[in-house]
Amino acid sequence: MSNAFTAGLRISLCAVIGAMLFVDDKAFSAEDPLTAPQQTALAEVQQRASDIRAVNHAIWEFAEVGLAEKKSSALLVERLKAAGFTVQTGVADMPTAFVASYGSGKPVIAILAEYDALPNLSQKISPDLDPVTEGAPGHGCGHSGLGAGAFGAALAVKAAMMQHQLPGTIRLYGTPAEETTIGKVYMTLGGVFHDVDVCLHWHPSTKNEVWNGSSKAIVSAKFTFNGVTAHAAGSPENGRSALDAVELMNIGVNFMREHVKEDARLHYVITDGGGAPNVVPATATVWYYVRADDHKDVERYFAWVQDIAKGAAMMSRTKLKMDIDTDCHELVGNTPLAELVSRQYARIPAPKFTEEEHAFARRLQEPLIEQNGKPFTVAIDEKIYPLLAVGEKSKGSTDVGDISWHLPTMGLRTACFPFGSPGHCWQNVASIGSTVGEKGTVYAAQLLSAAAVELLQRPDIVAAAKADFATRMKDKPYTTLIPTGQKPPAKIR
């Protein structure tokens, strides 16, 4: 990419973003330089870049699944305490959840850290499929970098607060089990975010962009049927098959698919289907996700799924037990915060990648090209994308959504993966552990810290974000399908 093209791109982006900025008497324009406290924060990120990379690499190697992130959580807690943060561990009845705080008073700015891996995605930092340990977990969603970048941002904000005597509180929230949308839901229900003014978050991606879109609401539940065991050949008439109930339920839900909105998603896996073919299974369990763009639709569809399960139990003469793991809401956007984050992209250039890094990404893309049947235009997307008036709707779900139903929340993405890489793939594991993922992670720490410092300097933006939130949430009460008083599960699988 030529210097002239890059300069033209930045000017174009500034024009687009500047036209969309929140305007008041004190507002910055996209062309305004970074303030002295923001410069201090960026300098701190640069100084701690090796620490950020080391944290990413350590969590990448730990590769712990949700609710079992003991080493990953402990590492972050240890580093934060050493940096002068006050840390509360085991919050919301989850051993791997924590809240690290520095400062006092208002505003309270939260940054979110995640660190859970995905099962069966172990992979070396290699352009070829090559597990570190066959069948072990791996960071296919890049949460090793997510936690490391959030950690770096929190330390940078603290440095700016100390040097420039900025009032307020910065908090890093360690949130377990995002992949199963559990951690932040139970932390929200437990009141952990009750006094937070603004929440910022980020996620590794294939692009550099503000994350101002929505997501799908989701309910995760397990349906367990209990029947009567019997010899499947000798006395099947004495048995009542729990597996029959599971299969009947799945058939019913599959017929249901024709009569839901196109945005709905219904997924399931059978986690217990019996032990041997010659034994009528006395127990069987099926695990369901029910998703939709609107939580109200999820509520309706989930009630329908429950009716199908009850019918399956009646048909098979078995008994039904249902356990709701989590109930997660869709993301809610916030215009002033989206514009705040856009300003940071306009001021802080995206990282450039070497020829070797582009070649590595190209190698990672090769199996994807074969699968998709078409080549990718670039190996790594170095562009910064302009802020959209209406953010995209993600087909996935995130428990950040529940925080966004309680307070102004905004996210960002940085390029850490090869262009066109799908989520939850081995290519992402290799990329987030490489220098490609490291550069995107450090860039995220810069953007987050600059945005958080601006919030500490600009009470008018905090007020505008709260006003936008109040408008969006008018007549939208928060409801949950999780039984009152239920504690988070001790494990998900």
# chains A, B, ... in the order shown; residues from 1 in each chain; ligands from 1
>>> select_by_dssp(residues="range 114-355 of chain A", states="helix (DSSP H, G or I)", output="VMD selection string")
chain A and resid 143 to 164 183 to 189 236 to 238 242 to 259 295 to 316 335 to 347 355
>>> closest_atom_pairs(of="range 138-257 of chain A", to="range 430-448 of chain A", cutoff="10 Å", atoms="only C-alpha atoms", output="CSV")
residue,atom,partner,partner_atom,distance
A:Gly138,CA,A:Ala430,CA,9.1
A:His139,CA,A:Ile432,CA,7.7
A:Gly140,CA,A:Ile432,CA,8.3
A:Cys141,CA,A:Ile432,CA,8.6
A:Gly142,CA,A:Ile432,CA,5.6
A:His143,CA,A:Ile432,CA,8.6
A:Ser144,CA,A:Ile432,CA,7.6
A:Gly145,CA,A:Thr441,CA,5.5
A:Leu146,CA,A:Thr441,CA,6.9
A:Gly147,CA,A:Thr441,CA,9.1
A:Ala148,CA,A:Thr441,CA,7.2
A:Gly149,CA,A:Ala445,CA,4.8
A:Ala150,CA,A:Ala445,CA,6.0
A:Phe151,CA,A:Ala445,CA,7.8
A:Gly152,CA,A:Ala445,CA,5.5
A:Ala153,CA,A:Ala445,CA,4.4
A:Ala154,CA,A:Ala445,CA,8.2
A:Leu155,CA,A:Ala445,CA,9.3
A:Ala156,CA,A:Ala445,CA,8.1
A:Val157,CA,A:Leu448,CA,8.9
A:Leu200,CA,A:Leu448,CA,7.2
A:His201,CA,A:Leu448,CA,7.6
A:Trp202,CA,A:Ala444,CA,7.0
A:His203,CA,A:Ala444,CA,8.4
A:Pro204,CA,A:Gly440,CA,7.2
A:Ser205,CA,A:Gly440,CA,8.6
A:Thr206,CA,A:Gly440,CA,9.6
A:Lys207,CA,A:Gly440,CA,9.6
A:Asn208,CA,A:Gly440,CA,8.7
>>> closest_residue(among="A:Ala110, A:Val279, A:Ile182, A:Ala217", to="Ile170 in chain A", atoms="only C-alpha atoms")
A:Ala110
>>> closest_residue(among="A:Ala389, A:Ala160, A:Leu243, A:Ala346", to="Gly227 in chain A", atoms="only C-alpha atoms")
A:Leu243
>>> select_by_dssp(residues="range 139-257 of chain A", states="strand (DSSP E)", output="ChimeraX atom specification")
/A:168-174,198-205,209-211,217-226
>>> residues_around(residues="Pro277 in chain A", least_positions_apart="2", cutoff="12 Å", atoms="only C-alpha atoms", output="PDB file with N, CA and C atoms, in the first residue's frame")
ATOM      1  N   THR A 229     -34.769 -48.530  32.418  1.00  0.00           N
ATOM      2  CA  THR A 229     -33.847 -49.399  31.699  1.00  0.00           C
ATOM      3  C   THR A 229     -34.439 -50.806  31.548  1.00  0.00           C
ATOM      4  N   ALA A 230     -33.997 -51.489  30.494  1.00  0.00           N
ATOM      5  CA  ALA A 230     -34.445 -52.860  30.248  1.00  0.00           C
ATOM      6  C   ALA A 230     -33.524 -53.465  29.190  1.00  0.00           C
ATOM      7  N   HIS A 231     -33.578 -54.796  29.064  1.00  0.00           N
ATOM      8  CA  HIS A 231     -32.825 -55.466  28.014  1.00  0.00           C
ATOM      9  C   HIS A 231     -33.521 -55.163  26.685  1.00  0.00           C
ATOM     10  N   ALA A 232     -32.774 -54.590  25.748  1.00  0.00           N
ATOM     11  CA  ALA A 232     -33.411 -54.125  24.510  1.00  0.00           C
ATOM     12  C   ALA A 232     -33.902 -55.257  23.631  1.00  0.00           C
ATOM     13  N   ALA A 233     -33.386 -56.457  23.819  1.00  0.00           N
ATOM     14  CA  ALA A 233     -33.850 -57.604  23.044  1.00  0.00           C
ATOM     15  C   ALA A 233     -34.730 -58.528  23.880  1.00  0.00           C
ATOM     16  N   PRO A 236     -37.864 -55.588  25.959  1.00  0.00           N
ATOM     17  CA  PRO A 236     -38.000 -54.163  25.625  1.00  0.00           C
ATOM     18  C   PRO A 236     -39.323 -53.570  26.089  1.00  0.00           C
ATOM     19  N   SER A 241     -37.594 -45.613  26.937  1.00  0.00           N
ATOM     20  CA  SER A 241     -36.329 -45.092  26.434  1.00  0.00           C
ATOM     21  C   SER A 241     -36.231 -43.565  26.535  1.00  0.00           C
ATOM     22  N   LEU A 243     -33.704 -42.021  25.334  1.00  0.00           N
ATOM     23  CA  LEU A 243     -33.186 -41.622  24.024  1.00  0.00           C
ATOM     24  C   LEU A 243     -34.319 -41.417  23.030  1.00  0.00           C
ATOM     25  N   GLY A 273     -26.571 -40.172  25.260  1.00  0.00           N
ATOM     26  CA  GLY A 273     -27.555 -40.923  24.480  1.00  0.00           C
ATOM     27  C   GLY A 273     -27.658 -42.386  24.861  1.00  0.00           C
ATOM     28  N   GLY A 274     -27.124 -42.729  26.021  1.00  0.00           N
ATOM     29  CA  GLY A 274     -27.146 -44.123  26.438  1.00  0.00           C
ATOM     30  C   GLY A 274     -25.762 -44.733  26.380  1.00  0.00           C
ATOM     31  N   GLY A 275     -25.659 -45.987  26.867  1.00  0.00           N
ATOM     32  CA  GLY A 275     -24.354 -46.629  26.965  1.00  0.00           C
ATOM     33  C   GLY A 275     -24.100 -47.717  25.954  1.00  0.00           C
ATOM     34  N   VAL A 279     -29.152 -52.007  25.643  1.00  0.00           N
ATOM     35  CA  VAL A 279     -29.743 -51.548  26.902  1.00  0.00           C
ATOM     36  C   VAL A 279     -30.648 -50.349  26.609  1.00  0.00           C
ATOM     37  N   VAL A 280     -31.894 -50.432  26.979  1.00  0.00           N
ATOM     38  CA  VAL A 280     -32.798 -49.294  26.824  1.00  0.00           C
ATOM     39  C   VAL A 280     -32.279 -48.165  27.728  1.00  0.00           C
ATOM     40  N   PRO A 281     -31.938 -47.001  27.149  1.00  0.00           N
ATOM     41  CA  PRO A 281     -31.342 -45.926  27.959  1.00  0.00           C
ATOM     42  C   PRO A 281     -32.332 -45.364  28.971  1.00  0.00           C
TER      43      PRO A 281
END
>>> closest_residue(among="A:Thr480, A:Ser342, A:Ser72, A:Thr181", to="Gly401 in chain A", atoms="only C-alpha atoms")
A:Thr181
>>> residues_around(residues="Thr86 in chain A", least_positions_apart="5", cutoff="7 Å", atoms="only C-alpha atoms", output="PyMOL selection string")
chain A and resi 81+100-102
>>> write_last_selection(atoms="C-alpha atoms", output="mmCIF file, in the first residue's frame")
data_model
loop_
_atom_site.group_PDB
_atom_site.id
_atom_site.type_symbol
_atom_site.label_atom_id
_atom_site.label_comp_id
_atom_site.auth_asym_id
_atom_site.auth_seq_id
_atom_site.Cartn_x
_atom_site.Cartn_y
_atom_site.Cartn_z
ATOM 1 C CA LYS A 81 -2.093 -6.503 41.706
ATOM 2 C CA ALA A 100 -9.661 -4.949 39.323
ATOM 3 C CA SER A 101 -10.006 -1.261 40.280
ATOM 4 C CA TYR A 102 -7.858 1.845 40.378
#
>>> closest_residue(among="A:Val210, A:Ala221, A:Ala309, A:Val260", to="Val390 in chain A", atoms="only C-alpha atoms")
A:Val210
>>> closest_residue(among="A:Leu364, A:Ala264, A:Ile482, A:Leu407", to="Asp468 in chain A", atoms="only C-alpha atoms")
A:Leu407
>>> residues_around(residues="range 311-328 of chain A", least_positions_apart="5", cutoff="8 Å", atoms="only C-alpha atoms", output="JSON, numbers by chain")
{"A": [181, 182, 185, 217, 218, 219, 220, 221, 222, 223, 224, 225, 226, 227, 228, 240, 241, 242, 244, 245, 246, 248, 249, 397, 398, 399, 401, 402, 480, 481, 482, 488, 489, 492]}
>>> closest_residue(among="A:Ala467, A:Leu387, A:Leu75, A:Val305", to="Arg291 in chain A", atoms="only C-alpha atoms")
A:Val305
>>> residues_around(residues="Thr89 in chain A", least_positions_apart="5", cutoff="12 Å", atoms="only C-alpha atoms", output="VMD selection string")
chain A and resid 70 73 to 74 76 to 78 80 to 81 94 to 101 172 to 176 192
>>> write_last_selection(atoms="C-alpha atoms", output="PDB file, in the first residue's frame")
ATOM      1  CA  LYS A  70      -7.874 -20.901  36.585  1.00  0.00           C
ATOM      2  CA  SER A  73      -7.484 -15.632  35.518  1.00  0.00           C
ATOM      3  CA  ALA A  74      -4.745 -16.017  38.127  1.00  0.00           C
ATOM      4  CA  LEU A  76      -4.184 -11.480  35.070  1.00  0.00           C
ATOM      5  CA  VAL A  77      -4.984 -11.022  38.762  1.00  0.00           C
ATOM      6  CA  GLU A  78      -1.307 -11.367  39.709  1.00  0.00           C
ATOM      7  CA  LEU A  80      -2.916  -6.362  38.002  1.00  0.00           C
ATOM      8  CA  LYS A  81      -2.093  -6.503  41.706  1.00  0.00           C
ATOM      9  CA  MET A  94     -17.496 -17.757  39.792  1.00  0.00           C
ATOM     10  CA  PRO A  95     -13.943 -18.611  40.910  1.00  0.00           C
ATOM     11  CA  THR A  96     -12.378 -17.284  37.693  1.00  0.00           C
ATOM     12  CA  ALA A  97     -14.255 -13.956  37.667  1.00  0.00           C
ATOM     13  CA  PHE A  98     -12.627 -10.827  39.083  1.00  0.00           C
ATOM     14  CA  VAL A  99     -12.861  -7.031  39.271  1.00  0.00           C
ATOM     15  CA  ALA A 100      -9.661  -4.949  39.323  1.00  0.00           C
ATOM     16  CA  SER A 101     -10.006  -1.261  40.280  1.00  0.00           C
ATOM     17  CA  LEU A 172     -10.920  -4.218  34.462  1.00  0.00           C
ATOM     18  CA  TYR A 173     -13.601  -6.897  34.674  1.00  0.00           C
ATOM     19  CA  GLY A 174     -12.422 -10.462  34.276  1.00  0.00           C
ATOM     20  CA  THR A 175     -15.388 -12.239  32.712  1.00  0.00           C
ATOM     21  CA  PRO A 176     -15.307 -16.050  32.351  1.00  0.00           C
ATOM     22  CA  VAL A 192     -21.288  -6.302  39.737  1.00  0.00           C
TER      23      VAL A 192
END
>>> residues_around(residues="Thr354 in chain A", least_positions_apart="2", cutoff="12 Å", atoms="only C-alpha atoms", output="PyMOL selection string")
chain A and resi 1+351-352+356-361+379-380+382+435-436+439
>>> atom_distance(atom1="CA of Gly485 in chain A", atom2="CA of Ala92 in chain A")
11.4 Å
>>> atom_distance(atom1="CA of Asp475 in chain A", atom2="CA of Ile403 in chain A")
17.2 Å
